[in-house]
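Text of the file protein-v4.cif, holding mmCIF, C-alpha atoms:
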data_input
loop_
_atom_site.label_atom_id
_atom_site.label_comp_id
_atom_site.auth_asym_id
_atom_site.auth_seq_id
_atom_site.Cartn_x
_atom_site.Cartn_y
_atom_site.Cartn_z
CA MET X 1 100.98 95.06 81.09
CA ARG X 2 101.76 97.28 78.12
CA ARG X 3 104.21 95.79 75.63
CA ASN X 4 107.38 97.58 74.52
CA ALA X 5 107.13 98.98 71.02
CA THR X 6 110.30 97.16 69.96
CA GLU X 7 109.35 93.66 71.08
CA PRO X 8 109.37 91.03 68.34
CA ASP X 9 105.83 89.83 68.98
CA THR X 10 104.49 93.30 68.29
CA ALA X 11 106.61 94.06 65.25
CA HIS X 12 104.84 91.58 63.01
CA ARG X 13 101.50 93.14 63.86
CA THR X 14 102.29 96.23 61.86
CA GLY X 15 101.89 94.11 58.76
CA ARG X 16 98.49 92.66 59.55
CA ALA X 17 96.11 92.21 56.65
CA ASP X 18 93.50 94.37 58.40
CA ASP X 19 95.93 97.35 58.63
CA PRO X 20 95.53 99.35 55.37
CA ASP X 21 98.77 101.34 55.80
CA ALA X 22 100.86 98.23 56.45
CA ARG X 23 99.24 96.42 53.53
CA TRP X 24 100.00 99.23 51.11
CA LEU X 25 103.59 99.53 52.39
CA ALA X 26 104.09 95.77 51.93
CA LEU X 27 102.72 95.92 48.38
CA LEU X 28 105.00 98.85 47.61
CA MET X 29 108.07 96.99 48.92
CA HIS X 30 107.16 93.86 46.95
CA ALA X 31 106.80 95.88 43.78
CA ALA X 32 110.10 97.68 44.46
CA PHE X 33 111.91 94.39 45.04
CA PHE X 34 110.81 92.84 41.78
CA LEU X 35 111.43 96.10 39.91
CA LEU X 36 114.98 96.33 41.29
CA LEU X 37 115.58 92.62 40.68
CA GLY X 38 114.42 92.91 37.08
CA ALA X 39 116.42 96.08 36.49
CA SER X 40 119.57 94.52 37.98
CA LEU X 41 119.20 91.39 35.83
CA ALA X 42 118.58 93.49 32.72
CA ARG X 43 121.64 95.66 33.45
CA PHE X 44 123.81 92.59 33.91
CA LEU X 45 122.61 90.99 30.66
CA MET X 46 123.14 94.25 28.76
CA ARG X 47 126.60 94.88 30.21
CA HIS X 48 127.86 91.30 30.18
CA PRO X 49 126.40 89.40 27.24
CA GLY X 50 127.57 85.85 26.71
CA GLU X 51 129.52 85.46 29.95
CA THR X 52 129.87 82.01 31.51
CA ARG X 53 128.30 83.18 34.77
CA THR X 54 125.14 84.40 33.03
CA PRO X 55 123.19 81.11 33.53
CA TRP X 56 124.08 81.21 37.23
CA ILE X 57 122.93 84.81 37.49
CA ILE X 58 119.62 84.02 35.79
CA ALA X 59 119.09 80.91 37.94
CA LEU X 60 119.91 82.71 41.17
CA SER X 61 117.63 85.60 40.17
CA ALA X 62 114.79 83.13 39.62
CA VAL X 63 115.52 81.41 42.94
CA LEU X 64 115.59 84.79 44.70
CA ALA X 65 112.25 85.73 43.12
CA VAL X 66 110.65 82.41 44.09
CA LEU X 67 111.99 82.66 47.64
CA TYR X 68 110.65 86.17 47.95
CA LEU X 69 107.22 85.05 46.74
CA LEU X 70 107.16 82.37 49.45
CA GLY X 71 107.46 84.99 52.19
CA PRO X 72 103.75 86.00 52.45
CA VAL X 73 102.75 82.32 52.44
CA LEU X 74 104.85 81.65 55.57
CA GLY X 75 103.17 84.41 57.54
CA SER X 76 104.68 87.33 59.42
CA ARG X 77 105.53 85.78 62.80
CA PRO X 78 109.24 85.11 63.58
CA THR X 79 108.86 81.33 63.53
CA PRO X 80 111.86 79.02 62.88
CA ARG X 81 110.57 78.31 59.37
CA ARG X 82 110.19 82.02 58.70
CA LEU X 83 113.71 82.75 59.98
CA THR X 84 115.12 79.95 57.82
CA TRP X 85 113.39 81.46 54.79
CA LEU X 86 114.87 84.91 55.57
CA GLY X 87 118.35 83.42 55.96
CA ALA X 88 118.08 81.62 52.60
CA LEU X 89 116.82 84.81 50.95
CA VAL X 90 119.75 86.86 52.29
CA VAL X 91 122.31 84.18 51.36
CA VAL X 92 121.04 83.93 47.77
CA TRP X 93 121.09 87.72 47.50
CA MET X 94 124.68 87.86 48.84
CA VAL X 95 125.81 85.29 46.28
CA LEU X 96 124.17 87.33 43.55
CA VAL X 97 125.90 90.51 44.77
CA VAL X 98 129.26 88.74 44.78
CA LEU X 99 128.68 87.52 41.22
CA ALA X 100 127.01 90.71 39.98
CA PRO X 101 127.33 93.86 42.12
CA SER X 102 124.42 95.51 40.26
CA PHE X 103 122.00 93.42 42.41
CA ALA X 104 123.10 95.33 45.51
CA TRP X 105 120.15 97.76 45.51
CA CYS X 106 117.69 94.90 46.00
CA ALA X 107 118.82 95.26 49.61
CA VAL X 108 116.32 98.07 50.30
CA PRO X 109 113.23 95.79 50.24
CA LEU X 110 115.26 93.25 52.22
CA PHE X 111 115.80 95.94 54.89
CA TYR X 112 112.05 96.16 55.26
CA THR X 113 111.62 92.39 55.38
CA GLY X 114 114.29 91.97 58.07
CA LEU X 115 112.92 94.81 60.18
CA ARG X 116 109.44 93.30 60.05
CA ILE X 117 110.50 89.81 61.09
CA LEU X 118 113.53 90.03 63.37
CA PRO X 119 113.92 91.41 66.88
CA PRO X 120 115.38 94.94 66.93
CA ARG X 121 119.04 94.05 67.54
CA ALA X 122 119.05 91.21 65.03
CA ALA X 123 117.29 93.43 62.50
CA LEU X 124 119.88 96.19 62.92
CA ALA X 125 122.71 93.66 62.54
CA LEU X 126 121.13 92.40 59.30
CA VAL X 127 120.73 95.96 58.00
CA ALA X 128 124.41 96.66 58.79
CA LEU X 129 125.48 93.46 56.99
CA LEU X 130 123.39 94.28 53.92
CA THR X 131 124.73 97.82 53.92
CA VAL X 132 128.33 96.53 53.97
CA PHE X 133 127.58 94.35 50.95
CA VAL X 134 125.97 97.29 49.14
CA VAL X 135 129.01 99.53 49.80
CA ALA X 136 131.40 96.78 48.66
CA ALA X 137 129.36 96.22 45.51
CA GLN X 138 129.30 99.93 44.70
CA LEU X 139 133.08 100.21 45.15
CA ARG X 140 133.56 97.22 42.79
CA LEU X 141 131.46 98.92 40.15
CA ALA X 142 133.21 102.28 40.51
CA THR X 143 136.17 103.19 38.31
CA GLY X 144 137.62 105.36 41.07
CA PHE X 145 137.06 106.20 44.68
CA ASP X 146 133.89 108.18 45.30
CA PRO X 147 132.94 109.20 48.88
CA ASN X 148 129.26 109.06 47.96
CA LEU X 149 129.56 105.35 47.29
CA VAL X 150 130.75 104.84 50.88
CA LEU X 151 128.40 107.29 52.62
CA ALA X 152 125.20 107.07 50.57
CA PRO X 153 124.28 103.40 51.30
CA PRO X 154 124.63 103.79 55.10
CA ALA X 155 122.61 107.01 54.94
CA VAL X 156 119.87 105.33 52.91
CA ALA X 157 119.90 102.34 55.30
CA ALA X 158 119.72 104.66 58.34
CA VAL X 159 116.82 106.65 56.88
CA ALA X 160 114.91 103.51 55.87
CA THR X 161 115.45 101.95 59.30
CA ALA X 162 114.44 105.13 61.14
CA VAL X 163 111.28 105.53 59.04
CA PHE X 164 110.26 101.92 59.53
CA VAL X 165 110.93 101.94 63.30
CA HIS X 166 108.97 105.17 63.63
CA MET X 167 106.06 103.76 61.65
CA ARG X 168 106.10 100.58 63.71
CA ARG X 169 106.08 102.48 66.99
CA GLN X 170 103.26 104.70 65.76
CA ALA X 171 101.31 101.61 64.75
CA VAL X 172 101.87 100.04 68.18
CA ARG X 173 100.82 103.27 69.92
CA GLN X 174 97.73 103.45 67.75
CA ARG X 175 96.94 99.83 68.53
CA ASP X 176 97.42 100.43 72.27
CA LEU X 177 95.24 103.53 72.04
CA SER X 178 92.53 101.55 70.29
CA VAL X 179 92.74 98.85 72.97
CA ARG X 180 92.43 101.47 75.72
CA GLN X 181 89.51 103.10 73.93
CA ARG X 182 87.75 99.73 73.63
CA GLU X 183 88.41 99.06 77.32
CA LEU X 184 87.03 102.49 78.24
CA ILE X 185 83.95 101.92 76.09
CA ASP X 186 83.45 98.49 77.65
CA ASP X 187 83.84 100.00 81.13
CA LEU X 188 81.35 102.74 80.25
CA LEU X 189 78.80 100.26 78.93
CA ARG X 190 79.28 98.01 81.95
CA THR X 191 78.90 101.00 84.30
CA ARG X 192 75.75 102.10 82.50
CA ARG X 193 74.30 98.62 82.79
CA GLU X 194 75.15 98.47 86.50
CA LEU X 195 73.73 101.97 87.03
CA ALA X 196 70.53 101.02 85.22
CA ALA X 197 70.22 97.85 87.31
CA THR X 198 70.85 99.86 90.50
CA GLU X 199 68.25 102.44 89.51
CA ARG X 200 65.74 99.68 88.79
CA ARG X 201 66.43 98.11 92.19
CA GLU X 202 66.16 101.49 93.93
CA GLY X 203 62.95 102.26 92.06
CA THR X 204 61.51 98.90 93.06
CA LEU X 205 62.49 99.41 96.71
CA ALA X 206 61.14 102.98 96.69
CA GLU X 207 57.82 101.85 95.24
CA ARG X 208 57.67 98.97 97.71
CA GLN X 209 58.33 101.38 100.57
CA ARG X 210 55.68 103.77 99.26
CA LEU X 211 53.08 101.03 99.07
CA SER X 212 54.10 99.74 102.49
CA MET X 213 53.68 103.16 104.09
CA GLU X 214 50.41 103.85 102.28
CA ILE X 215 48.98 100.48 103.29
CA HIS X 216 50.04 101.08 106.88
CA ASP X 217 48.65 104.62 107.05
CA THR X 218 45.34 103.79 105.36
CA LEU X 219 44.24 100.17 105.08
CA ALA X 220 45.98 98.79 108.18
CA GLN X 221 44.82 101.64 110.39
CA GLY X 222 41.31 101.49 108.97
CA LEU X 223 41.07 97.74 109.44
CA SER X 224 42.31 98.10 113.01
CA SER X 225 39.68 100.76 113.72
CA GLN X 226 36.98 98.63 112.14
CA GLN X 227 38.04 95.67 114.26
CA MET X 228 37.79 97.70 117.47
CA LEU X 229 34.42 99.16 116.47
CA LEU X 230 32.97 95.80 115.52
CA GLN X 231 34.25 94.27 118.76
CA ALA X 232 32.63 97.10 120.70
CA ALA X 233 29.40 96.58 118.76
CA ASP X 234 29.49 92.89 119.55
CA ARG X 235 29.89 93.57 123.26
CA SER X 236 26.94 96.00 123.34
CA TRP X 237 24.76 94.22 120.78
CA ASP X 238 22.29 92.86 123.35
CA THR X 239 22.49 95.53 126.05
CA ASP X 240 22.66 98.70 123.93
CA PRO X 241 21.53 98.08 120.32
CA ALA X 242 21.66 101.79 119.42
CA THR X 243 25.32 102.08 120.40
CA ALA X 244 26.13 98.84 118.59
CA ARG X 245 24.40 100.10 115.47
CA ARG X 246 26.36 103.36 115.70
CA HIS X 247 29.61 101.41 115.92
CA VAL X 248 28.67 99.33 112.87
CA LEU X 249 27.77 102.44 110.87
CA THR X 250 31.07 104.06 111.83
CA ALA X 251 32.96 100.92 110.76
CA THR X 252 31.06 100.98 107.46
CA GLY X 253 32.12 104.59 106.90
CA ILE X 254 35.73 103.69 107.63
CA ALA X 255 35.53 100.83 105.14
CA GLU X 256 34.17 103.16 102.44
CA ARG X 257 36.92 105.67 103.10
CA ASN X 258 39.60 103.00 103.10
CA LEU X 259 38.33 101.74 99.76
CA ALA X 260 38.65 105.23 98.30
CA GLU X 261 42.15 105.62 99.80
CA ALA X 262 43.23 102.25 98.41
CA ARG X 263 42.13 103.21 94.91
CA ARG X 264 43.99 106.52 95.18
CA PHE X 265 47.33 105.25 96.47
CA VAL X 266 47.39 102.44 93.87
CA HIS X 267 47.36 105.21 91.26
CA ASP X 268 49.82 107.32 93.34
CA LEU X 269 47.24 110.06 93.88
CA ALA X 270 46.89 112.46 96.78
CA PRO X 271 45.05 111.33 99.92
CA ALA X 272 41.29 111.63 99.73
CA ASP X 273 41.15 114.38 102.39
CA LEU X 274 43.46 116.56 100.29
CA ALA X 275 41.65 115.73 97.07
CA GLU X 276 38.42 117.10 98.53
CA GLY X 277 39.88 120.62 98.54
CA GLY X 278 40.85 123.06 101.25
CA GLY X 279 44.47 121.97 101.52
CA LEU X 280 46.35 120.56 104.48
CA GLU X 281 44.64 122.69 107.14
CA ALA X 282 41.15 121.54 106.14
CA ALA X 283 42.35 117.93 105.89
CA LEU X 284 43.78 118.06 109.44
CA HIS X 285 40.56 119.55 110.83
CA ALA X 286 38.56 116.81 109.07
CA LEU X 287 40.93 114.16 110.45
CA ALA X 288 40.54 115.52 114.01
CA THR X 289 36.75 115.50 113.75
CA ARG X 290 36.69 111.99 112.27
CA GLU X 291 39.00 110.53 114.93
CA THR X 292 36.94 112.13 117.70
CA GLU X 293 33.76 110.63 116.30
CA ARG X 294 35.41 107.27 115.68
CA SER X 295 36.52 106.97 119.31
CA GLY X 296 32.95 107.27 120.53
CA GLY X 297 33.84 110.08 122.94
CA SER X 298 36.78 108.36 124.61
CA LEU X 299 39.29 110.59 122.78
CA THR X 300 38.93 114.27 121.87
CA VAL X 301 41.19 115.44 119.06
CA ARG X 302 41.70 119.17 118.58
CA CYS X 303 43.39 120.89 115.63
CA HIS X 304 45.13 124.25 115.72
CA VAL X 305 46.94 126.16 112.96
CA GLU X 306 49.47 128.90 113.65
CA GLY X 307 50.58 131.36 110.99
CA SER X 308 49.84 131.19 107.30
CA PRO X 309 51.94 129.82 104.44
CA ALA X 310 53.87 132.37 102.36
CA ALA X 311 53.28 130.16 99.31
CA PRO X 312 51.19 127.08 98.57
CA LEU X 313 52.71 123.99 100.14
CA PRO X 314 54.06 121.34 97.73
CA ASP X 315 51.75 118.37 97.29
CA ARG X 316 54.40 115.97 98.57
CA VAL X 317 54.73 117.94 101.81
CA GLN X 318 50.97 118.05 102.35
CA SER X 319 50.55 114.33 101.68
CA ALA X 320 53.45 113.38 103.98
CA LEU X 321 52.28 115.53 106.89
CA LEU X 322 48.71 114.26 106.59
CA ARG X 323 49.89 110.65 106.56
CA ILE X 324 52.09 111.34 109.60
CA ALA X 325 49.11 112.82 111.45
CA GLN X 326 46.99 109.78 110.54
CA GLY X 327 49.67 107.36 111.75
CA ALA X 328 50.33 109.28 114.96
CA LEU X 329 46.63 109.46 115.86
CA ALA X 330 46.25 105.75 115.13
CA ASN X 331 49.02 105.03 117.63
CA VAL X 332 47.38 107.34 120.17
CA THR X 333 44.04 105.57 119.77
CA GLU X 334 45.48 102.08 120.05
CA HIS X 335 48.26 102.41 122.61
CA ALA X 336 48.30 105.73 124.49
CA GLU X 337 45.07 105.40 126.51
CA ALA X 338 44.75 109.16 126.09
CA THR X 339 41.65 111.30 126.48
CA VAL X 340 42.89 114.39 124.60
CA ALA X 341 45.15 114.76 121.56
CA ALA X 342 46.14 117.92 119.74
CA LEU X 343 47.28 118.55 116.18
CA THR X 344 49.25 121.77 115.80
CA LEU X 345 50.39 122.98 112.39
CA THR X 346 52.89 125.83 112.54
CA HIS X 347 53.91 127.82 109.47
CA LEU X 348 57.41 129.32 109.76
CA ASP X 349 59.44 131.25 107.21
CA ASP X 350 61.73 128.40 106.25
CA ARG X 351 59.85 125.30 107.40
CA ILE X 352 56.53 123.87 108.44
CA VAL X 353 56.11 121.96 111.71
CA LEU X 354 53.42 119.47 112.67
CA ASP X 355 53.11 118.52 116.36
CA ILE X 356 50.91 115.67 117.62
CA ALA X 357 50.57 115.67 121.41
CA ASP X 358 48.51 113.47 123.73
CA ASP X 359 47.94 113.13 127.48
CA GLY X 360 48.33 109.35 127.45
CA ARG X 361 50.51 107.03 129.47
CA GLY X 362 53.69 107.86 127.54
CA PHE X 363 56.88 105.83 127.70
CA GLY X 364 60.50 106.17 128.71
CA PRO X 365 63.89 104.49 128.26
CA ASP X 366 62.92 101.65 130.56
CA ARG X 367 59.45 101.47 129.04
CA PRO X 368 59.71 101.57 125.25
CA ALA X 369 56.93 102.53 122.94
CA PRO X 370 54.38 99.70 122.84
CA ARG X 371 54.26 97.42 119.84
CA PRO X 372 51.27 95.34 118.91
CA PRO X 373 51.63 91.58 119.11
CA GLU X 374 51.07 90.76 115.48
CA ASP X 375 53.22 93.41 113.92
CA VAL X 376 52.17 94.71 110.62
CA ARG X 377 51.42 97.79 112.71
CA GLY X 378 54.94 98.24 114.08
CA HIS X 379 55.80 99.99 110.83
CA GLY X 380 54.35 103.31 112.05
CA LEU X 381 57.22 105.31 113.50
CA PRO X 382 59.83 104.15 110.92
CA ALA X 383 57.36 105.02 108.15
CA MET X 384 56.85 108.52 109.60
CA ARG X 385 60.60 109.04 109.89
CA ALA X 386 61.13 107.81 106.31
CA ARG X 387 58.50 110.22 104.98
CA VAL X 388 60.12 113.18 106.74
CA GLN X 389 63.65 112.22 105.68
CA GLN X 390 62.57 111.95 102.04
CA LEU X 391 61.62 115.64 102.30
CA GLY X 392 64.87 116.59 104.05
CA GLY X 393 63.18 117.09 107.42
CA THR X 394 63.46 115.69 110.92
CA LEU X 395 61.17 113.72 113.23
CA THR X 396 61.49 113.93 117.01
CA VAL X 397 59.58 112.11 119.75
CA GLU X 398 59.43 113.30 123.37
CA SER X 399 57.74 111.21 126.02
CA ALA X 400 57.85 110.24 129.66
CA PRO X 401 55.88 107.66 131.62
CA GLY X 402 52.53 109.11 132.69
CA GLU X 403 53.17 112.46 130.94
CA GLY X 404 51.99 111.73 127.43
CA THR X 405 53.87 111.94 124.15
CA VAL X 406 54.73 114.72 121.69
CA LEU X 407 55.71 113.84 118.14
CA SER X 408 57.09 116.68 116.02
CA ALA X 409 57.75 116.61 112.26
CA ALA X 410 59.64 119.57 110.77
CA VAL X 411 59.95 119.88 107.00
CA PRO X 412 62.02 122.60 105.29
CA LEU X 413 60.29 124.66 102.63
CA PRO X 414 61.77 125.76 99.30
CA GLN X 415 62.99 129.33 99.49
CA THR X 416 61.36 131.81 97.14
CA ALA X 417 63.22 134.81 95.81
CA PRO X 418 62.09 138.17 97.26
CA PRO X 419 59.94 140.23 94.88
CA THR X 420 61.71 142.79 92.73
CA SER X 421 60.95 146.47 92.88
CA GLU X 422 58.92 146.18 89.68
CA GLU X 423 56.89 143.28 91.14
CA ARG X 424 56.28 145.25 94.36
CA ALA X 425 55.17 148.21 92.27
#

What does the file become when written as structure tokens?
Amino acid sequence: MRRNATEPDTAHRTGRADDPDARWLALLMHAAFFLLLGASLARFLMRHPGETRTPWIIALSAVLAVLYLLGPVLGSRPTPRRLTWLGALVVVWMVLVVLAPSFAWCAVPLFYTGLRILPPRAALALVALLTVFVVAAQLRLATGFDPNLVLAPPAVAAVATAVFVHMRRQAVRQRDLSVRQRELIDDLLRTRRELAATERREGTLAERQRLSMEIHDTLAQGLSSQQMLLQAADRSWDTDPATARRHVLTATGIAERNLAEARRFVHDLAPADLAEGGGLEAALHALATRETERSGGSLTVRCHVEGSPAAPLPDRVQSALLRIAQGALANVTEHAEATVAALTLTHLDDRIVLDIADDGRGFGPDRPAPRPPEDVRGHGLPAMRARVQQLGGTLTVESAPGEGTVLSAAVPLPQTAPPTSEERA
């Protein structure tokens, strides 16, 4: 909770050693006190030589000077010892004023000392008391009544008090502002650290998801295909060596391609089919041919392209759609028991759509999509949906028991500005 500017535990802080303004003001008041004390003593000695009270005046002046010098040693907090010191200082000064009214103007530095140490009400009471003594001393020194002697000391006391209170409040406001600024800076630094940690976590999760999807769409699918081919080769090894050899050669080709894909996705490169040139359309045609050959005639995969792109497709879109096609065809091969599958790539003005349809057994609400028993492969559909969502698109699946399945991925395309008249010319 913010402290009031007039509370006693904040008043002493305006005189801290690390505050240059307060330090210079304190030095100025100390110098003024000793200058006024010396001038008052000199005036008394010059005006009243040889009086019996002179030794008392000199002794009390020395005591007042010593007491004043003890002030900085006691600190600036309003402790009982500090308050006792202030009371002794004021009492000695009052005795001096009673004995020699010329010491009255030493009250100005005492104003400052009281305002620094005491709570506001006590400080104002002390200032009023000192002012009364100053007025009384001035009237004793005057030969006649002078209104200035009655009005000037209160005016000086009021101005000094107002200036000090204003300076103290400004110092407290400045201190509070500095505290708030430090808190804001600390909050900013803490927020930046938290943001950096969050970004690192998100980057780690994104990279983990990327590797997971790439492994699923390349290595896992390839290993699954190799397993099926090698199992088929084993079954026909004795009865049909030619077919078994063909299965082994196909598995070898898949292994070579998977090795190339693994090297590419580790370095975050485009899929091998895209890297060979020809773009997404050529890569889909190559994928359809390869899957048809890999199935050994049990599955025919056709590829059809409708329309033409208005501009080259972004690499991220091409890679995502190719991976989705690979994953969807892997699911068809393993689970759909289909004989025909079709890849259809449709270029529209504002989006591109990839449909993968098969004539397999399908599934419905009471017959969910099949999942393999040992599920590193159950990552397929979530991975496809994640790829599409990263591009701001949508993935839909339509299926019914015995009627096959249609998977559709729609990805929005960045809009290009229409050509200007100069460009058309």

Residues returned when the PyMOL selection byres ((chain X and resi 96) around 12) runs on this file, as number ranges by chain: X: 37, 40-41, 44, 53-64, 89-95, 97-107, 133-134, 137

Local residues around (128.7, 102.0, 50.3), at most 12 Å away, using all atoms listed in the file, as a PyMOL selection string: chain X and resi 101+104-105+107+128-142+145-157

Neighbours of His304 (chain X) within 9 Å (all atoms listed in the file; same-chain residues fewer than 2 positions away dropped), as a short mmCIF file (atom, residue, chain, number, x, y, z; two decimals) with C-alpha atoms, in the coordinates of the input?
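Saved the output as around_14.cif:
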data_model
loop_
_atom_site.label_atom_id
_atom_site.label_comp_id
_atom_site.auth_asym_id
_atom_site.auth_seq_id
_atom_site.Cartn_x
_atom_site.Cartn_y
_atom_site.Cartn_z
CA GLU X 281 44.64 122.69 107.14
CA LEU X 284 43.78 118.06 109.44
CA HIS X 285 40.56 119.55 110.83
CA ARG X 302 41.70 119.17 118.58
CA GLU X 306 49.47 128.90 113.65
CA ALA X 342 46.14 117.92 119.74
CA LEU X 343 47.28 118.55 116.18
CA THR X 344 49.25 121.77 115.80
CA LEU X 345 50.39 122.98 112.39
CA THR X 346 52.89 125.83 112.54
#

Shortest interatomic distance to Glu261 (chain X) - which of X:Ala286, X:Ala244, X:Ala158, X:Leu219, counting all atoms listed in the file: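 Checking each of X:Ala286, X:Ala244, X:Ala158, X:Leu219 against Glu261 (chain X), counting all atoms listed in the file, the winner is X:Leu219.
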
Distance of CA of Leu177 (chain X) from CA of Glu194 (chain X), expressed in Å to one decimal place: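 Going from CA of Glu194 (chain X) over to CA of Leu177 (chain X), I get 25.3 Å.
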
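For the file shown, the residue list from the PyMOL selection byres ((chain X and resi 29) around 10) reads X:Arg23, X:Trp24, X:Leu25, X:Ala26, X:Leu27, X:Leu28, X:His30, X:Ala31, X:Ala32, X:Phe33, X:Phe34, X:Leu35, X:Val108, X:Pro109, X:Leu110, X:Phe111, X:Tyr112, X:Thr113.
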
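What separates CA of Asp355 (chain X) from CA of Ser399 (chain X) is a distance of 13.0 Å.
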
Hits from the PyMOL selection byres ((chain X and resi 350) around 12), listed as a PyMOL selection string: chain X and resi 309-311+313+346-349+351-353+393+410-416

Those selected residues, please, written with C-alpha atoms and delivered as a JSON list (two decimals), in the coordinates of the input.
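out.json, freshly written:
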[["chain", "number", "residue", "atom", "x", "y", "z"],
["X", 309, "PRO", "CA", 51.94, 129.82, 104.44],
["X", 310, "ALA", "CA", 53.87, 132.37, 102.36],
["X", 311, "ALA", "CA", 53.28, 130.16, 99.31],
["X", 313, "LEU", "CA", 52.71, 123.99, 100.14],
["X", 346, "THR", "CA", 52.89, 125.83, 112.54],
["X", 347, "HIS", "CA", 53.91, 127.82, 109.47],
["X", 348, "LEU", "CA", 57.41, 129.32, 109.76],
["X", 349, "ASP", "CA", 59.44, 131.25, 107.21],
["X", 351, "ARG", "CA", 59.85, 125.30, 107.40],
["X", 352, "ILE", "CA", 56.53, 123.87, 108.44],
["X", 353, "VAL", "CA", 56.11, 121.96, 111.71],
["X", 393, "GLY", "CA", 63.18, 117.09, 107.42],
["X", 410, "ALA", "CA", 59.64, 119.57, 110.77],
["X", 411, "VAL", "CA", 59.95, 119.88, 107.00],
["X", 412, "PRO", "CA", 62.02, 122.60, 105.29],
["X", 413, "LEU", "CA", 60.29, 124.66, 102.63],
["X", 414, "PRO", "CA", 61.77, 125.76, 99.30],
["X", 415, "GLN", "CA", 62.99, 129.33, 99.49],
["X", 416, "THR", "CA", 61.36, 131.81, 97.14]]

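The space between CA of Phe164 (chain X) and CA of Leu83 (chain X) spans 19.5 Å.
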
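When all atoms listed in the file are used to compute distances to Leu381 (chain X), the closest of the residues X:Leu74, X:Met167, X:Ala325, X:Ala400 turns out to be X:Ala325.
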
Among the residues X:Asp273, X:Glu293, X:Asp315, X:Glu256, the one that comes closest to Leu229 (chain X) [using all atoms listed in the file]: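 Counting all atoms listed in the file, the residue closest to Leu229 (chain X) is X:Glu293.
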
Counting only C-alpha atoms, the residue of X:Thr333, X:Gln318, X:Gln174, X:Gln221 that sits nearest Leu354 (chain X): X:Gln318
